[in-house]
Amino acid sequence: MANYLLDPKRYELRSGKDQNSPLCPFGNRYEWIGYDKNEEEYIRFTKSVFKLLVKEIN
C-alpha cells in the first residue's frame with residue numbers, strides 16, 4: 001500500500017482478459033490484474049490497493 005500511495009499514477013488495473021496478461025498459478029485467467037507502468041510488468045496488488053482501484057472504475 002505504501003508504494004502505491006507514493007506514486008499511484010505508476011500503477012493501473014488491467015483486464016485479465018487482455019492477450020498479454022498472465023495466467024494465475026492455477027492456469028486460470030485473472031478478472032483484473034495490476035500493472036506497473038515504470039517496470040512494464042504485471043503485478044499483484046494487495047487487497048486494500050485492489051479495492052481502491054476497483055472503486056475508481058465504478
# chains A, B, ... in the order shown; residues from 1 in each chain; ligands from 1
$ residues_around --residues "Gln19 (chain A)" --least-positions-apart "5" --cutoff "12 Å" --atoms "only C-alpha atoms" --output "JSON, numbers by chain"
{"A": [14, 29, 30]}
$ residues_around --residues "Gly34 (chain A)" --least-positions-apart "6" --cutoff "9 Å" --atoms "only C-alpha atoms" --output "PyMOL selection string"
chain A and resi 11-15+41-45+50
$ write_last_selection --atoms "N, CA and C atoms" --output "PDB file, in the first residue's frame"
ATOM      1  N   TYR A  11       0.753   2.918 -11.308  1.00  0.00           N
ATOM      2  CA  TYR A  11       0.066   1.623 -11.364  1.00  0.00           C
ATOM      3  C   TYR A  11      -1.309   1.749 -11.995  1.00  0.00           C
ATOM      4  N   GLU A  12      -1.731   0.682 -12.650  1.00  0.00           N
ATOM      5  CA  GLU A  12      -3.086   0.664 -13.203  1.00  0.00           C
ATOM      6  C   GLU A  12      -3.641  -0.743 -13.107  1.00  0.00           C
ATOM      7  N   LEU A  13      -4.928  -0.816 -13.173  1.00  0.00           N
ATOM      8  CA  LEU A  13      -5.639  -2.084 -13.133  1.00  0.00           C
ATOM      9  C   LEU A  13      -6.026  -2.436 -14.565  1.00  0.00           C
ATOM     10  N   ARG A  14      -5.662  -3.624 -14.993  1.00  0.00           N
ATOM     11  CA  ARG A  14      -5.961  -4.059 -16.358  1.00  0.00           C
ATOM     12  C   ARG A  14      -6.827  -5.311 -16.329  1.00  0.00           C
ATOM     13  N   SER A  15      -7.556  -5.500 -17.391  1.00  0.00           N
ATOM     14  CA  SER A  15      -8.399  -6.688 -17.513  1.00  0.00           C
ATOM     15  C   SER A  15      -7.524  -7.926 -17.681  1.00  0.00           C
ATOM     16  N   GLU A  41       5.540  -4.299 -16.215  1.00  0.00           N
ATOM     17  CA  GLU A  41       5.257  -5.690 -15.896  1.00  0.00           C
ATOM     18  C   GLU A  41       3.978  -5.802 -15.080  1.00  0.00           C
ATOM     19  N   TYR A  42       3.367  -6.968 -15.167  1.00  0.00           N
ATOM     20  CA  TYR A  42       2.157  -7.234 -14.394  1.00  0.00           C
ATOM     21  C   TYR A  42       2.532  -7.545 -12.959  1.00  0.00           C
ATOM     22  N   ILE A  43       1.686  -7.100 -12.030  1.00  0.00           N
ATOM     23  CA  ILE A  43       1.925  -7.309 -10.602  1.00  0.00           C
ATOM     24  C   ILE A  43       0.615  -7.668  -9.924  1.00  0.00           C
ATOM     25  N   ARG A  44       0.720  -8.200  -8.733  1.00  0.00           N
ATOM     26  CA  ARG A  44      -0.470  -8.465  -7.917  1.00  0.00           C
ATOM     27  C   ARG A  44      -0.544  -7.394  -6.849  1.00  0.00           C
ATOM     28  N   PHE A  45      -1.691  -6.768  -6.724  1.00  0.00           N
ATOM     29  CA  PHE A  45      -1.907  -5.746  -5.702  1.00  0.00           C
ATOM     30  C   PHE A  45      -2.337  -6.389  -4.395  1.00  0.00           C
ATOM     31  N   PHE A  50      -6.172  -3.046  -4.354  1.00  0.00           N
ATOM     32  CA  PHE A  50      -7.120  -3.546  -5.336  1.00  0.00           C
ATOM     33  C   PHE A  50      -8.497  -2.926  -5.127  1.00  0.00           C
TER      34      PHE A  50
END
$ select_by_dssp --residues "chain A" --states "helix (DSSP H, G or I)" --output "list in words"
Ala2, Asn3, Tyr4, Leu5, Leu6, Pro8, Lys9, Arg10, Lys47, Ser48, Val49, Phe50, Lys51, Leu52, Leu53, Val54, Lys55, Glu56 and Ile57 of chain A
$ closest_residue --among "A:Lys37, A:Met1, A:Cys24, A:Asp18" --to "Leu52 (chain A)" --atoms "only C-alpha atoms"
A:Met1
$ residues_around --residues "Asn3 (chain A)" --least-positions-apart "6" --cutoff "12 Å" --atoms "only C-alpha atoms" --output "PyMOL selection string"
chain A and resi 9-11+36+45-46+49
$ write_last_selection --atoms "C-alpha atoms" --output "compact mmCIF listing (two decimals), in the first residue's frame"
# COMPACT_ATOMS: atom_id res chain seq x y z
CA LYS A 9 -0.19 7.07 -11.28
CA ARG A 10 2.56 4.48 -11.72
CA TYR A 11 0.07 1.62 -11.36
CA ASP A 36 3.42 -1.30 -13.07
CA PHE A 45 -1.91 -5.75 -5.70
CA THR A 46 -2.66 -6.10 -2.03
CA VAL A 49 -4.95 -1.33 -3.15
$ atom_distance --atom1 "CA of Leu5 (chain A)" --atom2 "CA of Glu40 (chain A)"
18.5 Å
$ decode --residues "chain A" --atoms "C-alpha atoms" --output "short mmCIF file (atom, residue, chain, number, x, y, z; two decimals), in the first residue's frame"
data_model
loop_
_atom_site.label_atom_id
_atom_site.label_comp_id
_atom_site.auth_asym_id
_atom_site.auth_seq_id
_atom_site.Cartn_x
_atom_site.Cartn_y
_atom_site.Cartn_z
CA MET A 1 0.00 0.00 0.00
CA ALA A 2 2.84 2.38 0.86
CA ASN A 3 4.43 2.08 -2.61
CA TYR A 4 1.08 2.69 -4.27
CA LEU A 5 0.38 5.78 -2.16
CA LEU A 6 3.80 7.26 -3.03
CA ASP A 7 3.07 7.16 -6.77
CA PRO A 8 -0.46 5.98 -7.62
CA LYS A 9 -0.19 7.07 -11.28
CA ARG A 10 2.56 4.48 -11.72
CA TYR A 11 0.07 1.62 -11.36
CA GLU A 12 -3.09 0.66 -13.20
CA LEU A 13 -5.64 -2.08 -13.13
CA ARG A 14 -5.96 -4.06 -16.36
CA SER A 15 -8.40 -6.69 -17.51
CA GLY A 16 -7.16 -10.23 -17.13
CA LYS A 17 -8.78 -10.95 -20.48
CA ASP A 18 -6.12 -8.92 -22.32
CA GLN A 19 -4.00 -11.11 -24.56
CA ASN A 20 -0.72 -10.24 -22.77
CA SER A 21 -1.99 -10.66 -19.22
CA PRO A 22 -0.56 -13.60 -17.27
CA LEU A 23 -2.46 -16.60 -16.00
CA CYS A 24 -2.87 -17.24 -12.30
CA PRO A 25 -0.72 -20.02 -10.76
CA PHE A 26 -3.59 -22.47 -11.35
CA GLY A 27 -3.74 -21.70 -15.10
CA ASN A 28 -6.89 -19.58 -14.99
CA ARG A 29 -7.35 -16.00 -16.14
CA TYR A 30 -7.47 -13.22 -13.59
CA GLU A 31 -10.51 -11.00 -13.85
CA TRP A 32 -8.30 -7.99 -13.05
CA ILE A 33 -4.51 -7.75 -12.74
CA GLY A 34 -2.23 -4.92 -11.69
CA TYR A 35 0.33 -3.32 -13.98
CA ASP A 36 3.42 -1.30 -13.07
CA LYS A 37 3.93 1.24 -15.86
CA ASN A 38 7.52 2.06 -14.82
CA GLU A 39 8.72 -1.55 -14.76
CA GLU A 40 6.35 -2.51 -17.61
CA GLU A 41 5.26 -5.69 -15.90
CA TYR A 42 2.16 -7.23 -14.39
CA ILE A 43 1.92 -7.31 -10.60
CA ARG A 44 -0.47 -8.46 -7.92
CA PHE A 45 -1.91 -5.75 -5.70
CA THR A 46 -2.66 -6.10 -2.03
CA LYS A 47 -6.35 -6.39 -1.27
CA SER A 48 -6.51 -2.80 0.02
CA VAL A 49 -4.95 -1.33 -3.15
CA PHE A 50 -7.12 -3.55 -5.34
CA LYS A 51 -10.25 -2.28 -3.59
CA LEU A 52 -9.18 1.36 -4.16
CA LEU A 53 -8.63 0.76 -7.86
CA VAL A 54 -11.90 -1.14 -8.37
CA LYS A 55 -13.71 1.68 -6.60
CA GLU A 56 -12.22 4.17 -9.09
CA ILE A 57 -13.53 2.09 -12.02
CA ASN A 58 -17.07 2.02 -10.67
#
